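Visitor: Please find coords.cif (mmCIF, N, CA and C atoms) on the next line:
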```cif
data_target
loop_
_atom_site.label_atom_id
_atom_site.label_comp_id
_atom_site.auth_asym_id
_atom_site.auth_seq_id
_atom_site.Cartn_x
_atom_site.Cartn_y
_atom_site.Cartn_z
N MET U 1 6.25 -8.27 -8.09
CA MET U 1 5.18 -7.48 -7.53
C MET U 1 5.76 -6.20 -6.95
N ALA U 2 5.21 -5.06 -7.31
CA ALA U 2 5.69 -3.76 -6.83
C ALA U 2 5.29 -3.55 -5.38
N PRO U 3 6.16 -2.89 -4.59
CA PRO U 3 5.82 -2.64 -3.20
C PRO U 3 4.66 -1.65 -3.09
N ALA U 4 3.90 -1.80 -2.04
CA ALA U 4 2.76 -0.91 -1.82
C ALA U 4 3.25 0.49 -1.47
N PRO U 5 2.62 1.52 -2.05
CA PRO U 5 3.00 2.89 -1.70
C PRO U 5 2.49 3.23 -0.30
N PRO U 6 2.98 4.31 0.30
CA PRO U 6 2.47 4.70 1.60
C PRO U 6 0.96 4.97 1.51
N LYS U 7 0.23 4.65 2.59
CA LYS U 7 -1.22 4.80 2.58
C LYS U 7 -1.66 6.25 2.59
N ASP U 8 -0.94 7.09 3.30
CA ASP U 8 -1.35 8.49 3.41
C ASP U 8 -0.14 9.37 3.73
N ILE U 9 -0.38 10.66 3.81
CA ILE U 9 0.70 11.62 4.04
C ILE U 9 1.35 11.40 5.40
N PHE U 10 0.59 10.93 6.37
CA PHE U 10 1.13 10.71 7.70
C PHE U 10 2.13 9.54 7.70
N GLU U 11 1.79 8.47 7.01
CA GLU U 11 2.69 7.33 6.91
C GLU U 11 3.97 7.74 6.18
N TRP U 12 3.80 8.50 5.10
CA TRP U 12 4.97 8.94 4.34
C TRP U 12 5.85 9.85 5.19
N SER U 13 5.27 10.84 5.86
CA SER U 13 6.08 11.78 6.63
C SER U 13 6.77 11.09 7.81
N ARG U 14 6.09 10.14 8.43
CA ARG U 14 6.71 9.39 9.53
C ARG U 14 7.95 8.65 9.01
N ALA U 15 7.81 8.00 7.87
CA ALA U 15 8.95 7.27 7.30
C ALA U 15 10.05 8.23 6.86
N TYR U 16 9.69 9.32 6.19
CA TYR U 16 10.70 10.24 5.66
C TYR U 16 11.49 10.92 6.77
N PHE U 17 10.80 11.47 7.75
CA PHE U 17 11.48 12.25 8.77
C PHE U 17 12.17 11.39 9.82
N ARG U 18 11.94 10.08 9.79
CA ARG U 18 12.67 9.17 10.67
C ARG U 18 13.77 8.41 9.94
N ASN U 19 13.93 8.66 8.65
CA ASN U 19 14.95 7.91 7.92
C ASN U 19 16.34 8.35 8.39
N GLY U 20 17.27 7.45 8.32
CA GLY U 20 18.61 7.72 8.83
C GLY U 20 19.61 8.18 7.78
N ASP U 21 19.13 8.58 6.62
CA ASP U 21 20.02 8.98 5.53
C ASP U 21 20.52 10.41 5.78
N ARG U 22 21.75 10.53 6.26
CA ARG U 22 22.30 11.85 6.58
C ARG U 22 22.47 12.73 5.34
N ALA U 23 22.58 12.13 4.18
CA ALA U 23 22.73 12.91 2.94
C ALA U 23 21.47 13.72 2.65
N LEU U 24 20.35 13.33 3.26
CA LEU U 24 19.09 14.04 3.02
C LEU U 24 18.74 15.04 4.12
N ASN U 25 19.60 15.20 5.12
CA ASN U 25 19.29 16.12 6.21
C ASN U 25 19.00 17.53 5.72
N GLU U 26 19.78 18.02 4.78
CA GLU U 26 19.59 19.38 4.29
C GLU U 26 18.34 19.54 3.43
N THR U 27 17.74 18.44 3.01
CA THR U 27 16.58 18.52 2.11
C THR U 27 15.26 18.46 2.86
N ARG U 28 15.27 18.29 4.16
CA ARG U 28 14.04 18.10 4.93
C ARG U 28 13.08 19.29 4.84
N GLY U 29 13.60 20.50 4.85
CA GLY U 29 12.74 21.68 4.76
C GLY U 29 12.00 21.74 3.43
N THR U 30 12.71 21.43 2.36
CA THR U 30 12.10 21.42 1.04
C THR U 30 11.02 20.34 0.96
N MET U 31 11.31 19.17 1.49
CA MET U 31 10.33 18.08 1.44
C MET U 31 9.13 18.36 2.35
N ALA U 32 9.36 19.03 3.47
CA ALA U 32 8.25 19.41 4.34
C ALA U 32 7.33 20.39 3.61
N ALA U 33 7.91 21.34 2.89
CA ALA U 33 7.10 22.28 2.12
C ALA U 33 6.37 21.56 0.99
N LEU U 34 7.05 20.64 0.32
CA LEU U 34 6.45 19.91 -0.78
C LEU U 34 5.26 19.09 -0.31
N MET U 35 5.38 18.43 0.84
CA MET U 35 4.30 17.56 1.29
C MET U 35 3.03 18.34 1.65
N THR U 36 3.15 19.64 1.92
CA THR U 36 1.95 20.42 2.21
C THR U 36 1.07 20.60 0.98
N TYR U 37 1.63 20.37 -0.19
CA TYR U 37 0.87 20.48 -1.44
C TYR U 37 0.31 19.14 -1.92
N ALA U 38 0.61 18.06 -1.22
CA ALA U 38 0.19 16.72 -1.67
C ALA U 38 -1.30 16.51 -1.45
N ASN U 39 -1.92 15.84 -2.42
CA ASN U 39 -3.33 15.48 -2.29
C ASN U 39 -3.43 14.09 -1.65
N GLY U 40 -4.61 13.51 -1.63
CA GLY U 40 -4.82 12.21 -1.01
C GLY U 40 -4.06 11.08 -1.67
N ASP U 41 -3.68 11.26 -2.93
CA ASP U 41 -2.91 10.24 -3.65
C ASP U 41 -1.40 10.48 -3.54
N LEU U 42 -1.01 11.42 -2.67
CA LEU U 42 0.39 11.79 -2.47
C LEU U 42 1.02 12.40 -3.72
N VAL U 43 0.20 13.04 -4.53
CA VAL U 43 0.66 13.71 -5.75
C VAL U 43 0.62 15.21 -5.51
N CYS U 44 1.65 15.91 -5.99
CA CYS U 44 1.71 17.37 -5.83
C CYS U 44 2.43 17.97 -7.02
N PHE U 45 2.17 19.25 -7.25
CA PHE U 45 2.81 19.90 -8.40
C PHE U 45 3.10 21.38 -8.17
N PRO U 46 3.70 21.74 -7.02
CA PRO U 46 4.11 23.14 -6.86
C PRO U 46 5.36 23.42 -7.69
N SER U 47 5.53 24.66 -8.08
CA SER U 47 6.73 25.01 -8.84
C SER U 47 7.93 25.10 -7.89
N GLN U 48 9.11 25.01 -8.46
CA GLN U 48 10.32 25.16 -7.65
C GLN U 48 10.41 26.56 -7.08
N ARG U 49 9.92 27.53 -7.81
CA ARG U 49 9.92 28.91 -7.29
C ARG U 49 8.98 29.04 -6.10
N ARG U 50 7.84 28.36 -6.14
CA ARG U 50 6.89 28.38 -5.02
C ARG U 50 7.54 27.74 -3.79
N LEU U 51 8.20 26.60 -3.98
CA LEU U 51 8.88 25.94 -2.87
C LEU U 51 10.02 26.80 -2.33
N ALA U 52 10.71 27.52 -3.21
CA ALA U 52 11.79 28.41 -2.78
C ALA U 52 11.22 29.54 -1.92
N GLU U 53 10.08 30.08 -2.31
CA GLU U 53 9.43 31.12 -1.50
C GLU U 53 9.00 30.57 -0.15
N ASP U 54 8.48 29.36 -0.14
CA ASP U 54 8.01 28.75 1.11
C ASP U 54 9.16 28.45 2.07
N THR U 55 10.32 28.07 1.54
CA THR U 55 11.43 27.63 2.39
C THR U 55 12.50 28.70 2.60
N GLY U 56 12.50 29.72 1.77
CA GLY U 56 13.50 30.78 1.92
C GLY U 56 14.86 30.44 1.34
N VAL U 57 14.92 29.46 0.44
CA VAL U 57 16.17 29.13 -0.22
C VAL U 57 16.03 29.42 -1.72
N HIS U 58 17.13 29.45 -2.42
CA HIS U 58 17.13 29.74 -3.85
C HIS U 58 16.48 28.58 -4.61
N HIS U 59 15.82 28.88 -5.73
CA HIS U 59 15.14 27.82 -6.48
C HIS U 59 16.11 26.78 -7.04
N ASP U 60 17.36 27.16 -7.28
CA ASP U 60 18.36 26.16 -7.70
C ASP U 60 18.63 25.16 -6.58
N THR U 61 18.63 25.64 -5.35
CA THR U 61 18.82 24.77 -4.19
C THR U 61 17.64 23.81 -4.06
N VAL U 62 16.43 24.33 -4.27
CA VAL U 62 15.24 23.47 -4.24
C VAL U 62 15.36 22.37 -5.30
N GLY U 63 15.82 22.73 -6.48
CA GLY U 63 16.01 21.74 -7.54
C GLY U 63 16.99 20.65 -7.14
N ARG U 64 18.09 21.03 -6.48
CA ARG U 64 19.07 20.04 -6.02
C ARG U 64 18.45 19.13 -4.94
N HIS U 65 17.66 19.73 -4.04
CA HIS U 65 17.02 18.93 -3.00
C HIS U 65 16.04 17.93 -3.59
N LEU U 66 15.25 18.36 -4.56
CA LEU U 66 14.30 17.45 -5.20
C LEU U 66 15.04 16.33 -5.91
N LYS U 67 16.13 16.66 -6.60
CA LYS U 67 16.90 15.65 -7.33
C LYS U 67 17.46 14.61 -6.37
N LYS U 68 17.99 15.04 -5.21
CA LYS U 68 18.53 14.09 -4.23
C LYS U 68 17.44 13.13 -3.75
N ASN U 69 16.24 13.65 -3.53
CA ASN U 69 15.16 12.81 -3.04
C ASN U 69 14.62 11.88 -4.12
N ILE U 70 14.66 12.30 -5.36
CA ILE U 70 14.28 11.42 -6.47
C ILE U 70 15.27 10.27 -6.55
N GLU U 71 16.57 10.59 -6.48
CA GLU U 71 17.61 9.56 -6.55
C GLU U 71 17.54 8.59 -5.38
N ALA U 72 17.11 9.09 -4.21
CA ALA U 72 17.02 8.24 -3.02
C ALA U 72 15.73 7.43 -2.97
N GLY U 73 14.77 7.75 -3.85
CA GLY U 73 13.53 6.98 -3.91
C GLY U 73 12.38 7.55 -3.10
N TRP U 74 12.56 8.73 -2.51
CA TRP U 74 11.50 9.34 -1.71
C TRP U 74 10.52 10.16 -2.55
N LEU U 75 10.86 10.36 -3.79
CA LEU U 75 10.05 11.19 -4.68
C LEU U 75 10.10 10.59 -6.08
N VAL U 76 8.95 10.56 -6.76
CA VAL U 76 8.86 10.02 -8.11
C VAL U 76 8.30 11.11 -9.02
N VAL U 77 8.91 11.28 -10.18
CA VAL U 77 8.39 12.24 -11.17
C VAL U 77 7.27 11.55 -11.93
N VAL U 78 6.06 12.10 -11.83
CA VAL U 78 4.91 11.54 -12.54
C VAL U 78 4.86 12.09 -13.95
N GLU U 79 5.05 13.41 -14.06
CA GLU U 79 5.02 14.06 -15.37
C GLU U 79 5.94 15.27 -15.32
N ARG U 80 6.85 15.35 -16.27
CA ARG U 80 7.78 16.49 -16.34
C ARG U 80 7.04 17.73 -16.84
N GLY U 81 7.34 18.84 -16.22
CA GLY U 81 6.78 20.10 -16.66
C GLY U 81 7.69 20.75 -17.68
N ASN U 82 7.26 21.91 -18.14
CA ASN U 82 8.12 22.68 -19.05
C ASN U 82 8.39 24.04 -18.41
N SER U 83 9.18 24.83 -19.02
CA SER U 83 9.57 26.10 -18.42
C SER U 83 8.54 27.21 -18.65
N PHE U 84 7.43 26.89 -19.28
CA PHE U 84 6.46 27.94 -19.57
C PHE U 84 5.32 27.97 -18.58
N LYS U 85 4.41 27.02 -18.63
CA LYS U 85 3.25 27.06 -17.76
C LYS U 85 3.11 25.85 -16.86
N ASN U 86 3.48 24.70 -17.33
CA ASN U 86 3.26 23.47 -16.57
C ASN U 86 4.41 23.21 -15.60
N THR U 87 4.04 22.82 -14.37
CA THR U 87 5.06 22.44 -13.40
C THR U 87 5.19 20.92 -13.41
N THR U 88 6.28 20.44 -12.88
CA THR U 88 6.49 19.00 -12.78
C THR U 88 5.57 18.44 -11.72
N THR U 89 4.98 17.29 -12.00
CA THR U 89 4.12 16.61 -11.04
C THR U 89 4.93 15.51 -10.37
N TYR U 90 4.87 15.49 -9.02
CA TYR U 90 5.62 14.53 -8.23
C TYR U 90 4.66 13.65 -7.43
N ARG U 91 5.12 12.46 -7.08
CA ARG U 91 4.40 11.60 -6.13
C ARG U 91 5.37 11.27 -5.00
N LEU U 92 4.93 11.46 -3.77
CA LEU U 92 5.73 11.08 -2.62
C LEU U 92 5.78 9.57 -2.56
N SER U 93 6.94 9.02 -2.32
CA SER U 93 7.15 7.58 -2.34
C SER U 93 8.05 7.19 -1.19
N THR U 94 8.24 5.91 -1.00
CA THR U 94 9.20 5.42 -0.01
C THR U 94 10.11 4.41 -0.68
N PRO U 95 11.41 4.52 -0.42
CA PRO U 95 12.32 3.51 -0.97
C PRO U 95 12.06 2.19 -0.26
N ARG U 96 12.15 1.10 -1.00
CA ARG U 96 11.89 -0.22 -0.42
C ARG U 96 13.12 -1.10 -0.55
N THR U 97 13.22 -2.04 0.34
CA THR U 97 14.30 -3.02 0.24
C THR U 97 13.88 -4.07 -0.78
N GLY U 98 14.74 -5.03 -1.05
CA GLY U 98 14.43 -6.07 -2.02
C GLY U 98 13.19 -6.87 -1.65
N ALA U 99 12.90 -7.01 -0.38
CA ALA U 99 11.74 -7.78 0.06
C ALA U 99 10.46 -6.96 0.04
N GLY U 100 10.54 -5.69 -0.38
CA GLY U 100 9.35 -4.85 -0.41
C GLY U 100 9.03 -4.19 0.91
N GLU U 101 9.96 -4.26 1.86
CA GLU U 101 9.74 -3.67 3.17
C GLU U 101 10.44 -2.33 3.27
N LEU U 102 9.97 -1.49 4.18
CA LEU U 102 10.67 -0.24 4.45
C LEU U 102 12.04 -0.56 5.04
N PRO U 103 13.03 0.29 4.83
CA PRO U 103 14.32 0.06 5.45
C PRO U 103 14.17 -0.03 6.96
N ALA U 104 15.03 -0.79 7.61
CA ALA U 104 14.93 -1.03 9.05
C ALA U 104 14.94 0.26 9.84
N LEU U 105 15.62 1.29 9.36
CA LEU U 105 15.72 2.55 10.11
C LEU U 105 14.38 3.26 10.25
N VAL U 106 13.41 2.96 9.42
CA VAL U 106 12.14 3.68 9.48
C VAL U 106 10.99 2.81 9.95
N GLN U 107 11.23 1.55 10.27
CA GLN U 107 10.14 0.72 10.74
C GLN U 107 9.80 1.08 12.17
N SER U 108 8.54 0.95 12.52
CA SER U 108 8.07 1.29 13.85
C SER U 108 8.55 0.26 14.86
N THR U 109 8.64 0.70 16.11
CA THR U 109 8.95 -0.22 17.20
C THR U 109 7.71 -1.05 17.48
N PRO U 110 7.84 -2.38 17.54
CA PRO U 110 6.66 -3.19 17.78
C PRO U 110 6.10 -2.95 19.18
N ARG U 111 4.79 -3.00 19.28
CA ARG U 111 4.12 -2.81 20.56
C ARG U 111 3.62 -4.16 21.06
N THR U 112 3.39 -4.23 22.35
CA THR U 112 2.84 -5.46 22.93
C THR U 112 1.36 -5.53 22.61
N ALA U 113 0.72 -6.63 22.99
CA ALA U 113 -0.72 -6.80 22.75
C ALA U 113 -1.53 -5.72 23.46
N ALA U 114 -1.01 -5.18 24.56
CA ALA U 114 -1.72 -4.13 25.30
C ALA U 114 -1.53 -2.76 24.66
N GLY U 115 -0.70 -2.67 23.60
CA GLY U 115 -0.52 -1.41 22.89
C GLY U 115 0.55 -0.52 23.48
N VAL U 116 1.42 -1.04 24.32
CA VAL U 116 2.48 -0.23 24.90
C VAL U 116 3.82 -0.69 24.35
N LEU U 117 4.79 0.19 24.39
CA LEU U 117 6.14 -0.16 23.96
C LEU U 117 6.75 -1.14 24.96
N PRO U 118 7.60 -2.04 24.51
CA PRO U 118 8.19 -3.02 25.43
C PRO U 118 8.85 -2.39 26.64
N ALA U 119 9.49 -1.23 26.50
CA ALA U 119 10.15 -0.58 27.62
C ALA U 119 9.15 -0.06 28.65
N GLN U 120 7.87 0.09 28.28
CA GLN U 120 6.86 0.63 29.17
C GLN U 120 6.08 -0.45 29.90
N VAL U 121 6.40 -1.70 29.65
CA VAL U 121 5.65 -2.79 30.27
C VAL U 121 5.93 -2.79 31.77
N PRO U 122 4.88 -2.68 32.60
CA PRO U 122 5.10 -2.68 34.06
C PRO U 122 5.52 -4.06 34.54
N TYR U 123 6.41 -4.10 35.50
CA TYR U 123 6.88 -5.37 36.06
C TYR U 123 6.30 -5.60 37.42
#
```
Would you mind writing the structure in this file as structure tokens?
Guide:
Amino acid sequence: MAPAPPKDIFEWSRAYFRNGDRALNETRGTMAALMTYANGDLVCFPSQRRLAEDTGVHHDTVGRHLKKNIEAGWLVVVERGNSFKNTTTYRLSTPRTGAGELPALVQSTPRTAAGVLPAQVPY
């Protein structure tokens, strides 16, 4: 059974920007720009040149950032574009462990029944 995709852009961004993968630190700006183009299904298709304009980096750098995130499982290629008119279509994703759960580094801190963090419980 395939793991469930993130429910919305907020769940995805919370998981992505809290992940502990230091190899992806330099790619955060590109992914932040990419997520602004995502629709309700977490699908987006801006060109690399558009993302380069949005982030202020060279389009080759954007390509490397996208490739790193694809390899890490944070981005899935839905349909490859060509160099003429069509851009590549991506879906924002989350890497899952073997049990289908998010990696421990991105899971939320559990709250008590009253909805507060354990450290905030009055004594």
Visitor: Please evaluate the PyMOL selection byres ((chain U and resi 7-12) around 8) against the structure above and give the resulting residues as a PDB file with N, CA and C atoms, in the coordinates of the input.
Guide:
```pdb
ATOM      1  N   ALA U   4       3.900  -1.800  -2.040  1.00  0.00           N
ATOM      2  CA  ALA U   4       2.760  -0.910  -1.820  1.00  0.00           C
ATOM      3  C   ALA U   4       3.250   0.490  -1.470  1.00  0.00           C
ATOM      4  N   PRO U   5       2.620   1.520  -2.050  1.00  0.00           N
ATOM      5  CA  PRO U   5       3.000   2.890  -1.700  1.00  0.00           C
ATOM      6  C   PRO U   5       2.490   3.230  -0.300  1.00  0.00           C
ATOM      7  N   PRO U   6       2.980   4.310   0.300  1.00  0.00           N
ATOM      8  CA  PRO U   6       2.470   4.700   1.600  1.00  0.00           C
ATOM      9  C   PRO U   6       0.960   4.970   1.510  1.00  0.00           C
ATOM     10  N   SER U  13       5.270  10.840   5.860  1.00  0.00           N
ATOM     11  CA  SER U  13       6.080  11.780   6.630  1.00  0.00           C
ATOM     12  C   SER U  13       6.770  11.090   7.810  1.00  0.00           C
ATOM     13  N   ARG U  14       6.090  10.140   8.430  1.00  0.00           N
ATOM     14  CA  ARG U  14       6.710   9.390   9.530  1.00  0.00           C
ATOM     15  C   ARG U  14       7.950   8.650   9.010  1.00  0.00           C
ATOM     16  N   ALA U  15       7.810   8.000   7.870  1.00  0.00           N
ATOM     17  CA  ALA U  15       8.950   7.270   7.300  1.00  0.00           C
ATOM     18  C   ALA U  15      10.050   8.230   6.860  1.00  0.00           C
ATOM     19  N   TYR U  16       9.690   9.320   6.190  1.00  0.00           N
ATOM     20  CA  TYR U  16      10.700  10.240   5.660  1.00  0.00           C
ATOM     21  C   TYR U  16      11.490  10.920   6.770  1.00  0.00           C
ATOM     22  N   PHE U  17      10.800  11.470   7.750  1.00  0.00           N
ATOM     23  CA  PHE U  17      11.480  12.250   8.770  1.00  0.00           C
ATOM     24  C   PHE U  17      12.170  11.390   9.820  1.00  0.00           C
ATOM     25  N   ARG U  18      11.940  10.080   9.790  1.00  0.00           N
ATOM     26  CA  ARG U  18      12.670   9.170  10.670  1.00  0.00           C
ATOM     27  C   ARG U  18      13.770   8.410   9.940  1.00  0.00           C
ATOM     28  N   MET U  35       5.380  18.430   0.840  1.00  0.00           N
ATOM     29  CA  MET U  35       4.300  17.560   1.290  1.00  0.00           C
ATOM     30  C   MET U  35       3.030  18.340   1.650  1.00  0.00           C
ATOM     31  N   ALA U  38       0.610  18.060  -1.220  1.00  0.00           N
ATOM     32  CA  ALA U  38       0.190  16.720  -1.670  1.00  0.00           C
ATOM     33  C   ALA U  38      -1.300  16.510  -1.450  1.00  0.00           C
ATOM     34  N   ASN U  39      -1.920  15.840  -2.420  1.00  0.00           N
ATOM     35  CA  ASN U  39      -3.330  15.480  -2.290  1.00  0.00           C
ATOM     36  C   ASN U  39      -3.430  14.090  -1.650  1.00  0.00           C
ATOM     37  N   GLY U  40      -4.610  13.510  -1.630  1.00  0.00           N
ATOM     38  CA  GLY U  40      -4.820  12.210  -1.010  1.00  0.00           C
ATOM     39  C   GLY U  40      -4.060  11.080  -1.670  1.00  0.00           C
ATOM     40  N   ASP U  41      -3.680  11.260  -2.930  1.00  0.00           N
ATOM     41  CA  ASP U  41      -2.910  10.240  -3.650  1.00  0.00           C
ATOM     42  C   ASP U  41      -1.400  10.480  -3.540  1.00  0.00           C
ATOM     43  N   LEU U  42      -1.010  11.420  -2.670  1.00  0.00           N
ATOM     44  CA  LEU U  42       0.390  11.790  -2.470  1.00  0.00           C
ATOM     45  C   LEU U  42       1.020  12.400  -3.720  1.00  0.00           C
ATOM     46  N   LEU U  92       4.930  11.460  -3.770  1.00  0.00           N
ATOM     47  CA  LEU U  92       5.730  11.080  -2.620  1.00  0.00           C
ATOM     48  C   LEU U  92       5.780   9.570  -2.560  1.00  0.00           C
ATOM     49  N   SER U  93       6.940   9.020  -2.320  1.00  0.00           N
ATOM     50  CA  SER U  93       7.150   7.580  -2.340  1.00  0.00           C
ATOM     51  C   SER U  93       8.050   7.190  -1.190  1.00  0.00           C
ATOM     52  N   THR U  94       8.240   5.910  -1.000  1.00  0.00           N
ATOM     53  CA  THR U  94       9.200   5.420  -0.010  1.00  0.00           C
ATOM     54  C   THR U  94      10.110   4.410  -0.680  1.00  0.00           C
TER      55      THR U  94
END
```
Visitor: Within 8 Å of (17.3, 13.5, 0.2), in the coordinates the file gives, what residues turn up when you count only C-alpha atoms, written out as number ranges by chain?
Guide: U: 21, 23-28, 65-72, 74
Visitor: Between U:Asp54, U:Phe45, U:Asp60, U:Gly73, single out the one closest to Asn86 (chain U), counting all atoms listed in the file.
Guide: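 The closest residue to Asn86 (chain U) is U:Phe45.
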Visitor: Measure the distance from atom C of Val76 (chain U) to CA of Val57 (chain U) in Å and round it to one decimal.
Guide: 21.5 Å
Visitor: Expressed in Å to a single decimal, how great is the separation between atom N of Val77 (chain U) and atom C of Thr89 (chain U)?
Guide: 5.8 Å
Visitor: To one decimal in Å, tell me the separation between CA of Met31 (chain U) and atom N of Lys85 (chain U).
Guide: 22.8 Å
Visitor: With 3 Å of padding per side, what axis-aligned box (centre and edge lengths, Å, one decimal) covers all the listed atoms of region 35-44 of chain U? Give it as JSON.
Guide:
```
{"center_x": 0.3, "center_y": 15.4, "center_z": -2.4, "size_x": 16.2, "size_y": 16.4, "size_z": 15.2}
```
